[in-house]
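Enquirer: I am attaching a structure below and will ask some questions about it afterwards.
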Amino acid sequence: MAEALFWADQLAKQILERKKFHYTSDKVPKTGKCVVKTSASLSGVLHIGRLSDTVRGESVYRALKDAGAKSELIWVAENMDPLRKVPKGVPAAYKKYIGMPVTDIPDPHKCHKSYAEHHTAKYFEVLDEFVQTKMKKYSMREEYRKGNFKPYIKRIIDQAEKVIEIQNKYRTNPLPRGWSPWQPICQQCGKIITTRVTKIENGKVYYKCEDYHFAKEKAEGCGYEGVDDPMKGNGKLVWKSEWAAQWAHWKVCSEGAGKEYQVPMSAWWVNGEIVERVLKFPMPVPIFYEHIMIDGDKMSASKGNIVYPAQWLEVASADLLKFFYNKKLMKTRSFSWKDLHNLYDDYDRHCKVYFNEIKVENPKEREHMKRLYEISQLGKPKRQPDMSFSFAVMLAQTVRKDKIMDILKNTGHLDKLRQGDTEFIKQRLAYAGVWAEKYAPEEYKIELRDKVYPDARKKLTRQQIAAVKDFTQALEKKDYMEGELYDLFWDVAQRNGIKAPQLFQALYLILLGKERGPKLAPFILAVGKKKIIQVLKSV
């Protein structure tokens with residue numbers, strides 16, 4: 001394969017050219033297709049950060065396909081996790097289910113068969129908006145019930161001593177002999193976190209159901225002493241064995257994981273050694289990535305800094321979020337509502353580079369930008385009309401909707417209208433309007449009045465007032481294009497013995513009541529010089 005510049009293409013190259021296992025000298029078998037796995041636990045709040053694993057996994061899947069490999073993307077519900085606490089909006093009586101697998105708890109909303117099924121359905125209502133690939137979707141609870149994991153359960157239990165040996169290499173407190181990689185569900189109370197294994201004998205797991213303490217809640221054990229047959233699937237492998245079994249079962253070549261799994265003692269490497277030495281399948285190539293931050297802080301429901309997918313789709317497309325995640329994997333992705341316009345500008349620049357509307361001299365940088373833009377699209381990349389998000393924000397606040405298209409004709413934005421451009425413009429204006437209303441910093445909020453803002457004149461020097469008068473008279477004499485207006489700003493400032501930023505400050509104070517605002521030339525053209533002259537003359 002040729003040199004790969006984009007991270008997903010680099011991983012695809014690594015996957016396709018790999019010859020040996022990571023921990024042994026075994027050769028990597030030919031599986032016929034490359035399976036990329038993505039997954040989610042159904043506990044916790046569904047925010048945009050929880051979409052990142054699938055977005056990045058899909059990028060590797062697409063890179064493999066583009067490299068000519070037969071590829072598949074699968075999604076797995078990690079739904080054997082126990083309920084750890086009663087979430088908001090769920091009846092307090094659900095406390096009795098703490099410690100039970102979420103698949104076995106009734107849906108409090110009474111619209112699905114179980115708590116897990118309800119949250120899975122809600123998850124996919126959102127996720128399907130952000131990925132274009134049709135994924136095969138699996139449930140770990142169903143996989144165990146169907147017996148699909150029997151061969152891996154048997155091999156791991158039969159070689160429990162080897163699993164213990166592997167795990168102890170990564171632990172400070174060694175696991176004792178007789179430790180069980182199988183966690184049964186209590187036959188009497190249905191809880192999974194409360195079953196303490198007492199021994200394994202003749203392939204059977206003996207347990208006692210005892211209280212288990214989470215950080216803030218307690219799962220009450222019922223005291224039942226029972227025997228479980230792992231081959232019947234009423235339980236699960238512990239995570240530092242189950243992950244390995246998943247890789248071997250679905251023949252996974254790559255999967256994503258947060259940067260915390262990169263450290264040598266993490267579950268990734270424990271399972272990597274188990275899958276190679278016990279299950280005889282090569283450890284997948286990892287997609288390690290940074291988690292999303294909000295204004296430099298970790299996203300957390302308790303902190304109230306959650307960004308929900310529905311909120312994102314009010315102000316931006318799914319493509320823009322994919323673009324955000326597909327940028328450098330191991331660079332902290334810090335998102336801020338107030339900086340959304342910068343993300344838009346970066347995205348638009350990549351679009352122009354993709355369609356050769358902007359020249360980038362460095363060929364590697366150019367090809368990387370094109371690939372990043374291409375792989376972040378839900379569909380086929382399309383040219384965009386030249387309308388910045390900042391300009392759309394200004395239009396959405398200052399121009400009546402029925403007049404916007406006329407304004408865009410006057411500003412030259414509709415000179416070469418292509419199919420789909422009108423829909424794009426309307427959608428971007430809608431995004432911009434919501435952002436301006438809900439999230440924009442003060443300098444982007446615009447309220448244009450019929451007269452000069454109160455107290456604005458008091459803040460202006462005589463030279464600034466003279467320059468404003470000069471500018472107003474020049475504006476009355478002729479119609480200007482955007483570039484000509486910028487020239488006029490500099491000429492007027494120079495004639496009146498001030499610098500251009502001082503003229504900008506004066507105009508912002510008069511028109512908007514603050515010292516900063518949108519780019520003045522497009523703002524004046526969008527509002528119309530008649531209205532602008534009216535306000536400026538009121539000084």
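Chain identifiers are assigned as A, B, and so on, following the order in which chains appear in the structure tokens; residues are numbered from 1 within each chain, and ligands are numbered from 1 in order of appearance.
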Just asking: which residues within segment 282-413 of chain A are strand (DSSP E) according to DSSP, as number ranges by chain?

Expert: A: 285-289, 292-294, 297-298, 333-335

Enquirer: Please dump the current selection as an mmCIF file, in the first residue's frame; keep C-alpha atoms.

Expert:
```
data_model
loop_
_atom_site.group_PDB
_atom_site.id
_atom_site.type_symbol
_atom_site.label_atom_id
_atom_site.label_comp_id
_atom_site.auth_asym_id
_atom_site.auth_seq_id
_atom_site.Cartn_x
_atom_site.Cartn_y
_atom_site.Cartn_z
ATOM 1 C CA VAL A 285 -5.321 -3.140 16.188
ATOM 2 C CA PRO A 286 -6.479 -0.504 18.721
ATOM 3 C CA ILE A 287 -8.041 2.858 17.858
ATOM 4 C CA PHE A 288 -6.922 4.777 20.947
ATOM 5 C CA TYR A 289 -8.432 8.240 21.225
ATOM 6 C CA ILE A 292 -14.155 15.057 24.461
ATOM 7 C CA MET A 293 -13.851 17.961 26.889
ATOM 8 C CA ILE A 294 -16.285 20.835 27.327
ATOM 9 C CA ASP A 297 -13.469 20.195 31.575
ATOM 10 C CA LYS A 298 -14.647 16.585 31.420
ATOM 11 C CA ARG A 333 -10.943 17.506 21.719
ATOM 12 C CA SER A 334 -12.206 20.445 23.723
ATOM 13 C CA PHE A 335 -15.550 21.742 22.570
#
```

Enquirer: If we count only C-alpha atoms and set the cut-off at 9 Å, which residues sit around segment 148-150 of chain A, ignoring sequence neighbours fewer than 3 positions away in its own chain? Please answer as a PyMOL selection string.

Expert: chain A and resi 142-145+153-155+230-233+245-246+249

Enquirer: Taking the DSSP assignment computed from this structure's backbone, write out as a PyMOL selection string all residues of segment 241-284 of chain A that belong to alpha helix (DSSP H).

Expert: chain A and resi 241-250+267-277

Enquirer: Skip Leu73 of chain A itself and residues of its chain fewer than 4 positions away, then list as a list in words all residues within 8 Å of it, counting only C-alpha atoms.

Expert: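 Skipping anything fewer than 4 positions along the chain leaves Val35, Val36, Lys37, Thr38, Gly57, Glu58, Tyr61, Thr133, Lys134, Met135 and Lys136 of chain A.
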
Enquirer: Find, counting only C-alpha atoms, the residue in A:His291, A:Lys529, A:Lys113, A:Lys280 that gets nearest to Tyr261 of chain A.

Expert: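 Checking each of A:His291, A:Lys529, A:Lys113, A:Lys280 against Tyr261 of chain A, counting only C-alpha atoms, the winner is A:His291.
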
Enquirer: Restricting the calculation to only C-alpha atoms: of A:Lys146, A:Lys352, A:Arg277, A:Lys338, which residue gets closest to Asp295 of chain A?

Expert: A:Lys338

Enquirer: For a quick check of understanding, using only C-alpha atoms, which of A:Val468, A:Gln494, A:Gln384, A:Pro151 has the smallest distance to Gly420 of chain A?

Expert: A:Gln384
